[in-house]
Amino acid sequence: MMVTKTTQRTEQDLLGVYLNDHLAGATVGLELVRRMAASAEPGSESATVRERLVSEIAADRSALITIMTTLQIKVRGYKMFAAWAGEKAGRLKLNGHLLTRSPLSDLEETEMLRLGVEGKAAGWRTLRAVAEHDSRLDTGQLDEFLARAARQSDELESLRVRIAAQVLAGDAR
């Protein structure tokens with residue numbers, strides 16, 4: 001089969017698909033962390049961590065959009081809407097609590113958010129590799145994003161362990 005210019009995906013096209021997928025993930029992550037922050041006990045250490053994560057994840061999502069603009073990659077609105085709607089639909093699960101949060105909600109949401117942060121870090125590492133050949137990308141900035149993602153992942157893991165101890169092991173700390 002002969003591949004023509006119209007059927008062959010370019011590296012730019014592939015990068016556009018990849019970054020739009022990461023932007024969709026960032027949209028889900030931002031909605032999730034906002035919900036987590038809203039459910040935290042005001043003034044608690046957990047609330048402080050979650051509120052900071054809302055700010056940082058929103059900034060990371062905005063940075064990704066800026067990078068996409070720099071690379072002349074169009075944001076695909078339908079992917080953002082699908083991600084947003086999917087996150088909302090994900091709240092409807094059969095957990096025995098139709099109108100209230102399950103005792104497992106905090107644990108499961110923290111685990112999901114940590115997985116999302118790991119995915120975000122993978123995206124930053126990919127862009128860091130692209131930056132070696134594309135001067136439009138700032139390697140120093142990408143290194144900062146990677147360091148922030150590592151810190152976020154560590155904080156979420158600490159939070160996850162504390163929540164697991166409280167919910168599953170009856171730790172009343």
# chains A, B, ... in the order shown; residues from 1 in each chain; ligands from 1
>>> residues_around(residues="A:Leu15", least_positions_apart="4", cutoff="12 Å", atoms="only C-alpha atoms", output="JSON, numbers by chain")
{"A": [9, 10, 11, 19, 20, 21, 22, 23, 67, 68, 71, 72, 73, 74, 75, 123, 126, 127, 130]}
>>> residues_around(residues="A:Arg128", least_positions_apart="2", cutoff="12 Å", atoms="only C-alpha atoms", output="list in words")
Ile67, Ala121, Ala122, Gly123, Trp124, Arg125, Thr126, Val130, Ala131, Glu132, His133, Asp134, Ser135, Arg136, Leu137, Asp138, Thr139, Gly140, Gln141, Leu142, Asp143, Glu144, Phe145 and Leu146 of chain A
>>> atom_distance(atom1="atom CA of A:Gln166", atom2="atom CA of A:Glu41")
14.2 Å
>>> residues_around(residues="A:Ala164", least_positions_apart="6", cutoff="10 Å", atoms="only C-alpha atoms", output="mmCIF file with all heavy atoms, in the first residue's frame")
data_model
loop_
_atom_site.group_PDB
_atom_site.id
_atom_site.type_symbol
_atom_site.label_atom_id
_atom_site.label_comp_id
_atom_site.auth_asym_id
_atom_site.auth_seq_id
_atom_site.Cartn_x
_atom_site.Cartn_y
_atom_site.Cartn_z
ATOM 1 N N LEU A 104 -14.483 5.300 51.267
ATOM 2 C CA LEU A 104 -13.354 5.023 50.382
ATOM 3 C C LEU A 104 -13.074 6.136 49.375
ATOM 4 O O LEU A 104 -12.045 6.115 48.704
ATOM 5 C CB LEU A 104 -13.591 3.722 49.613
ATOM 6 C CG LEU A 104 -13.488 2.432 50.417
ATOM 7 C CD1 LEU A 104 -13.891 1.245 49.562
ATOM 8 C CD2 LEU A 104 -12.088 2.258 50.962
ATOM 9 N N ASP A 106 -12.100 9.303 49.531
ATOM 10 C CA ASP A 106 -10.840 10.033 49.682
ATOM 11 C C ASP A 106 -9.649 9.180 49.255
ATOM 12 O O ASP A 106 -8.733 9.659 48.579
ATOM 13 C CB ASP A 106 -10.632 10.502 51.120
ATOM 14 C CG ASP A 106 -11.414 11.750 51.461
ATOM 15 O OD1 ASP A 106 -11.917 12.413 50.532
ATOM 16 O OD2 ASP A 106 -11.522 12.073 52.658
ATOM 17 N N LEU A 107 -9.659 7.913 49.651
ATOM 18 C CA LEU A 107 -8.551 7.023 49.304
ATOM 19 C C LEU A 107 -8.477 6.801 47.793
ATOM 20 O O LEU A 107 -7.419 6.965 47.178
ATOM 21 C CB LEU A 107 -8.696 5.689 50.032
ATOM 22 C CG LEU A 107 -7.623 4.637 49.735
ATOM 23 C CD1 LEU A 107 -6.236 5.158 50.098
ATOM 24 C CD2 LEU A 107 -7.942 3.353 50.482
ATOM 25 N N GLU A 108 -9.599 6.464 47.198
ATOM 26 C CA GLU A 108 -9.613 6.184 45.759
ATOM 27 C C GLU A 108 -9.283 7.439 44.939
ATOM 28 O O GLU A 108 -8.547 7.366 43.961
ATOM 29 C CB GLU A 108 -10.962 5.608 45.350
ATOM 30 C CG GLU A 108 -11.177 4.209 45.894
ATOM 31 C CD GLU A 108 -12.558 3.666 45.604
ATOM 32 O OE1 GLU A 108 -13.491 4.446 45.312
ATOM 33 O OE2 GLU A 108 -12.717 2.431 45.684
ATOM 34 N N THR A 110 -7.493 10.011 45.896
ATOM 35 C CA THR A 110 -6.075 10.326 46.076
ATOM 36 C C THR A 110 -5.217 9.418 45.206
ATOM 37 O O THR A 110 -4.250 9.868 44.578
ATOM 38 C CB THR A 110 -5.684 10.226 47.564
ATOM 39 O OG1 THR A 110 -6.518 11.107 48.316
ATOM 40 C CG2 THR A 110 -4.227 10.596 47.782
ATOM 41 N N SER A 158 2.076 10.302 50.494
ATOM 42 C CA SER A 158 2.006 10.454 51.954
ATOM 43 C C SER A 158 0.559 10.610 52.407
ATOM 44 O O SER A 158 0.129 10.002 53.392
ATOM 45 C CB SER A 158 2.826 11.666 52.412
ATOM 46 O OG SER A 158 4.186 11.450 52.179
ATOM 47 N N GLY A 170 -8.425 1.630 60.691
ATOM 48 C CA GLY A 170 -9.054 2.199 61.864
ATOM 49 C C GLY A 170 -8.140 3.086 62.691
ATOM 50 O O GLY A 170 -8.357 3.269 63.876
ATOM 51 N N ASP A 171 -7.117 3.652 62.062
ATOM 52 C CA ASP A 171 -6.195 4.550 62.746
ATOM 53 C C ASP A 171 -6.922 5.859 63.030
ATOM 54 O O ASP A 171 -7.313 6.574 62.118
ATOM 55 C CB ASP A 171 -4.961 4.805 61.863
ATOM 56 C CG ASP A 171 -3.869 5.576 62.584
ATOM 57 O OD1 ASP A 171 -4.132 6.114 63.679
ATOM 58 O OD2 ASP A 171 -2.756 5.636 62.023
#
>>> closest_residue(among="A:Ala147, A:Met112, A:Val49, A:Ala129", to="A:Leu32", atoms="only C-alpha atoms")
A:Met112
>>> residues_around(residues="A:Val117", least_positions_apart="2", cutoff="8 Å", atoms="only C-alpha atoms", output="MDAnalysis selection string")
chainID A and resid 113:115 119:121 149 152:153
>>> closest_residue(among="A:Thr27, A:Thr69, A:Ser55, A:Ser62", to="A:Gly116", atoms="only C-alpha atoms")
A:Thr27
>>> residues_around(residues="A:Ala59", least_positions_apart="2", cutoff="12 Å", atoms="only C-alpha atoms", output="PDB file with all heavy atoms, in the first residue's frame")
ATOM      1  N   ALA A  26      -5.274  16.422  32.092  1.00  0.00           N
ATOM      2  CA  ALA A  26      -5.120  17.548  33.025  1.00  0.00           C
ATOM      3  C   ALA A  26      -6.476  18.131  33.397  1.00  0.00           C
ATOM      4  O   ALA A  26      -6.676  18.566  34.535  1.00  0.00           O
ATOM      5  CB  ALA A  26      -4.226  18.619  32.411  1.00  0.00           C
ATOM      6  N   THR A  27      -7.396  18.130  32.451  1.00  0.00           N
ATOM      7  CA  THR A  27      -8.756  18.614  32.718  1.00  0.00           C
ATOM      8  C   THR A  27      -9.431  17.726  33.757  1.00  0.00           C
ATOM      9  O   THR A  27     -10.039  18.224  34.719  1.00  0.00           O
ATOM     10  CB  THR A  27      -9.560  18.664  31.409  1.00  0.00           C
ATOM     11  OG1 THR A  27      -8.900  19.544  30.494  1.00  0.00           O
ATOM     12  CG2 THR A  27     -10.992  19.119  31.635  1.00  0.00           C
ATOM     13  N   LEU A  30      -7.731  18.258  37.194  1.00  0.00           N
ATOM     14  CA  LEU A  30      -8.120  19.512  37.826  1.00  0.00           C
ATOM     15  C   LEU A  30      -9.520  19.411  38.434  1.00  0.00           C
ATOM     16  O   LEU A  30      -9.747  19.860  39.563  1.00  0.00           O
ATOM     17  CB  LEU A  30      -8.040  20.669  36.822  1.00  0.00           C
ATOM     18  CG  LEU A  30      -8.333  22.059  37.366  1.00  0.00           C
ATOM     19  CD1 LEU A  30      -7.443  22.403  38.559  1.00  0.00           C
ATOM     20  CD2 LEU A  30      -8.177  23.097  36.255  1.00  0.00           C
ATOM     21  N   ARG A  52      -3.372  23.614  47.679  1.00  0.00           N
ATOM     22  CA  ARG A  52      -2.158  23.939  46.933  1.00  0.00           C
ATOM     23  C   ARG A  52      -2.128  23.162  45.612  1.00  0.00           C
ATOM     24  O   ARG A  52      -1.762  23.698  44.573  1.00  0.00           O
ATOM     25  CB  ARG A  52      -0.902  23.653  47.751  1.00  0.00           C
ATOM     26  CG  ARG A  52       0.367  24.111  47.028  1.00  0.00           C
ATOM     27  CD  ARG A  52       1.653  23.885  47.796  1.00  0.00           C
ATOM     28  NE  ARG A  52       1.887  22.483  48.093  1.00  0.00           N
ATOM     29  CZ  ARG A  52       1.745  21.915  49.300  1.00  0.00           C
ATOM     30  NH1 ARG A  52       1.382  22.631  50.344  1.00  0.00           N
ATOM     31  NH2 ARG A  52       1.964  20.637  49.464  1.00  0.00           N
ATOM     32  N   LEU A  53      -2.546  21.902  45.647  1.00  0.00           N
ATOM     33  CA  LEU A  53      -2.577  21.097  44.424  1.00  0.00           C
ATOM     34  C   LEU A  53      -3.554  21.662  43.401  1.00  0.00           C
ATOM     35  O   LEU A  53      -3.283  21.618  42.205  1.00  0.00           O
ATOM     36  CB  LEU A  53      -2.921  19.641  44.748  1.00  0.00           C
ATOM     37  CG  LEU A  53      -1.800  18.837  45.393  1.00  0.00           C
ATOM     38  CD1 LEU A  53      -2.339  17.499  45.898  1.00  0.00           C
ATOM     39  CD2 LEU A  53      -0.648  18.631  44.432  1.00  0.00           C
ATOM     40  N   VAL A  54      -4.678  22.204  43.849  1.00  0.00           N
ATOM     41  CA  VAL A  54      -5.618  22.838  42.914  1.00  0.00           C
ATOM     42  C   VAL A  54      -4.900  23.948  42.149  1.00  0.00           C
ATOM     43  O   VAL A  54      -4.954  24.018  40.918  1.00  0.00           O
ATOM     44  CB  VAL A  54      -6.864  23.404  43.640  1.00  0.00           C
ATOM     45  CG1 VAL A  54      -7.678  24.300  42.715  1.00  0.00           C
ATOM     46  CG2 VAL A  54      -7.741  22.276  44.175  1.00  0.00           C
ATOM     47  N   SER A  55      -4.206  24.793  42.891  1.00  0.00           N
ATOM     48  CA  SER A  55      -3.501  25.909  42.272  1.00  0.00           C
ATOM     49  C   SER A  55      -2.408  25.418  41.325  1.00  0.00           C
ATOM     50  O   SER A  55      -2.269  25.903  40.194  1.00  0.00           O
ATOM     51  CB  SER A  55      -2.908  26.793  43.366  1.00  0.00           C
ATOM     52  OG  SER A  55      -2.134  27.815  42.810  1.00  0.00           O
ATOM     53  N   GLU A  56      -1.624  24.471  41.766  1.00  0.00           N
ATOM     54  CA  GLU A  56      -0.512  23.982  40.957  1.00  0.00           C
ATOM     55  C   GLU A  56      -0.978  23.217  39.721  1.00  0.00           C
ATOM     56  O   GLU A  56      -0.404  23.378  38.636  1.00  0.00           O
ATOM     57  CB  GLU A  56       0.408  23.098  41.801  1.00  0.00           C
ATOM     58  CG  GLU A  56       1.171  23.858  42.840  1.00  0.00           C
ATOM     59  CD  GLU A  56       2.044  22.998  43.722  1.00  0.00           C
ATOM     60  OE1 GLU A  56       2.029  21.747  43.573  1.00  0.00           O
ATOM     61  OE2 GLU A  56       2.758  23.563  44.567  1.00  0.00           O
ATOM     62  N   ILE A  57      -1.992  22.391  39.875  1.00  0.00           N
ATOM     63  CA  ILE A  57      -2.484  21.618  38.728  1.00  0.00           C
ATOM     64  C   ILE A  57      -3.141  22.541  37.710  1.00  0.00           C
ATOM     65  O   ILE A  57      -2.988  22.356  36.503  1.00  0.00           O
ATOM     66  CB  ILE A  57      -3.404  20.472  39.200  1.00  0.00           C
ATOM     67  CG1 ILE A  57      -2.533  19.417  39.915  1.00  0.00           C
ATOM     68  CG2 ILE A  57      -4.175  19.851  38.043  1.00  0.00           C
ATOM     69  CD1 ILE A  57      -3.311  18.329  40.633  1.00  0.00           C
ATOM     70  N   ARG A  61      -1.790  22.901  33.912  1.00  0.00           N
ATOM     71  CA  ARG A  61      -2.685  22.782  32.760  1.00  0.00           C
ATOM     72  C   ARG A  61      -2.539  24.015  31.862  1.00  0.00           C
ATOM     73  O   ARG A  61      -2.452  23.899  30.639  1.00  0.00           O
ATOM     74  CB  ARG A  61      -4.131  22.614  33.226  1.00  0.00           C
ATOM     75  CG  ARG A  61      -5.118  22.373  32.098  1.00  0.00           C
ATOM     76  CD  ARG A  61      -6.540  22.200  32.650  1.00  0.00           C
ATOM     77  NE  ARG A  61      -7.473  21.984  31.570  1.00  0.00           N
ATOM     78  CZ  ARG A  61      -7.961  22.935  30.789  1.00  0.00           C
ATOM     79  NH1 ARG A  61      -7.609  24.202  30.958  1.00  0.00           N
ATOM     80  NH2 ARG A  61      -8.816  22.635  29.821  1.00  0.00           N
ATOM     81  N   SER A  62      -2.485  25.196  32.475  1.00  0.00           N
ATOM     82  CA  SER A  62      -2.297  26.426  31.699  1.00  0.00           C
ATOM     83  C   SER A  62      -0.950  26.429  30.983  1.00  0.00           C
ATOM     84  O   SER A  62      -0.848  26.872  29.832  1.00  0.00           O
ATOM     85  CB  SER A  62      -2.387  27.654  32.610  1.00  0.00           C
ATOM     86  OG  SER A  62      -3.695  27.796  33.096  1.00  0.00           O
ATOM     87  N   ALA A  63       0.081  25.931  31.657  1.00  0.00           N
ATOM     88  CA  ALA A  63       1.407  25.853  31.037  1.00  0.00           C
ATOM     89  C   ALA A  63       1.379  24.927  29.827  1.00  0.00           C
ATOM     90  O   ALA A  63       2.005  25.221  28.798  1.00  0.00           O
ATOM     91  CB  ALA A  63       2.439  25.375  32.052  1.00  0.00           C
ATOM     92  N   LEU A  64       0.648  23.833  29.924  1.00  0.00           N
ATOM     93  CA  LEU A  64       0.540  22.914  28.793  1.00  0.00           C
ATOM     94  C   LEU A  64      -0.148  23.607  27.609  1.00  0.00           C
ATOM     95  O   LEU A  64       0.292  23.473  26.465  1.00  0.00           O
ATOM     96  CB  LEU A  64      -0.212  21.642  29.195  1.00  0.00           C
ATOM     97  CG  LEU A  64      -0.397  20.598  28.105  1.00  0.00           C
ATOM     98  CD1 LEU A  64       0.927  20.189  27.470  1.00  0.00           C
ATOM     99  CD2 LEU A  64      -1.133  19.389  28.660  1.00  0.00           C
ATOM    100  N   ILE A  65      -1.186  24.362  27.883  1.00  0.00           N
ATOM    101  CA  ILE A  65      -1.864  25.100  26.813  1.00  0.00           C
ATOM    102  C   ILE A  65      -0.904  26.108  26.178  1.00  0.00           C
ATOM    103  O   ILE A  65      -0.864  26.249  24.949  1.00  0.00           O
ATOM    104  CB  ILE A  65      -3.145  25.787  27.340  1.00  0.00           C
ATOM    105  CG1 ILE A  65      -4.195  24.730  27.697  1.00  0.00           C
ATOM    106  CG2 ILE A  65      -3.702  26.779  26.309  1.00  0.00           C
ATOM    107  CD1 ILE A  65      -5.395  25.267  28.454  1.00  0.00           C
ATOM    108  N   THR A  66      -0.118  26.789  26.998  1.00  0.00           N
ATOM    109  CA  THR A  66       0.871  27.739  26.477  1.00  0.00           C
ATOM    110  C   THR A  66       1.893  27.026  25.595  1.00  0.00           C
ATOM    111  O   THR A  66       2.251  27.523  24.521  1.00  0.00           O
ATOM    112  CB  THR A  66       1.570  28.476  27.637  1.00  0.00           C
ATOM    113  OG1 THR A  66       0.576  29.194  28.376  1.00  0.00           O
ATOM    114  CG2 THR A  66       2.631  29.435  27.135  1.00  0.00           C
ATOM    115  N   PHE A 145       8.870  21.816  35.927  1.00  0.00           N
ATOM    116  CA  PHE A 145       7.596  21.085  35.938  1.00  0.00           C
ATOM    117  C   PHE A 145       7.803  19.653  36.424  1.00  0.00           C
ATOM    118  O   PHE A 145       6.981  19.107  37.167  1.00  0.00           O
ATOM    119  CB  PHE A 145       6.952  21.076  34.553  1.00  0.00           C
ATOM    120  CG  PHE A 145       6.520  22.437  34.050  1.00  0.00           C
ATOM    121  CD1 PHE A 145       6.440  22.670  32.695  1.00  0.00           C
ATOM    122  CD2 PHE A 145       6.181  23.467  34.909  1.00  0.00           C
ATOM    123  CE1 PHE A 145       6.032  23.904  32.202  1.00  0.00           C
ATOM    124  CE2 PHE A 145       5.778  24.708  34.441  1.00  0.00           C
ATOM    125  CZ  PHE A 145       5.701  24.927  33.077  1.00  0.00           C
ATOM    126  N   ARG A 148       8.292  19.678  40.187  1.00  0.00           N
ATOM    127  CA  ARG A 148       7.013  19.913  40.875  1.00  0.00           C
ATOM    128  C   ARG A 148       6.152  18.655  40.839  1.00  0.00           C
ATOM    129  O   ARG A 148       5.534  18.289  41.840  1.00  0.00           O
ATOM    130  CB  ARG A 148       6.278  21.100  40.260  1.00  0.00           C
ATOM    131  CG  ARG A 148       4.966  21.386  40.977  1.00  0.00           C
ATOM    132  CD  ARG A 148       4.386  22.727  40.711  1.00  0.00           C
ATOM    133  NE  ARG A 148       4.141  23.000  39.314  1.00  0.00           N
ATOM    134  CZ  ARG A 148       3.877  24.217  38.847  1.00  0.00           C
ATOM    135  NH1 ARG A 148       3.831  25.251  39.668  1.00  0.00           N
ATOM    136  NH2 ARG A 148       3.657  24.405  37.567  1.00  0.00           N
ATOM    137  N   ALA A 149       6.124  17.965  39.711  1.00  0.00           N
ATOM    138  CA  ALA A 149       5.338  16.729  39.614  1.00  0.00           C
ATOM    139  C   ALA A 149       5.873  15.677  40.583  1.00  0.00           C
ATOM    140  O   ALA A 149       5.088  14.955  41.221  1.00  0.00           O
ATOM    141  CB  ALA A 149       5.350  16.201  38.181  1.00  0.00           C
TER     142      ALA A 149
END
>>> atom_distance(atom1="atom CA of A:Ser102", atom2="atom CA of A:Gly25")
23.9 Å
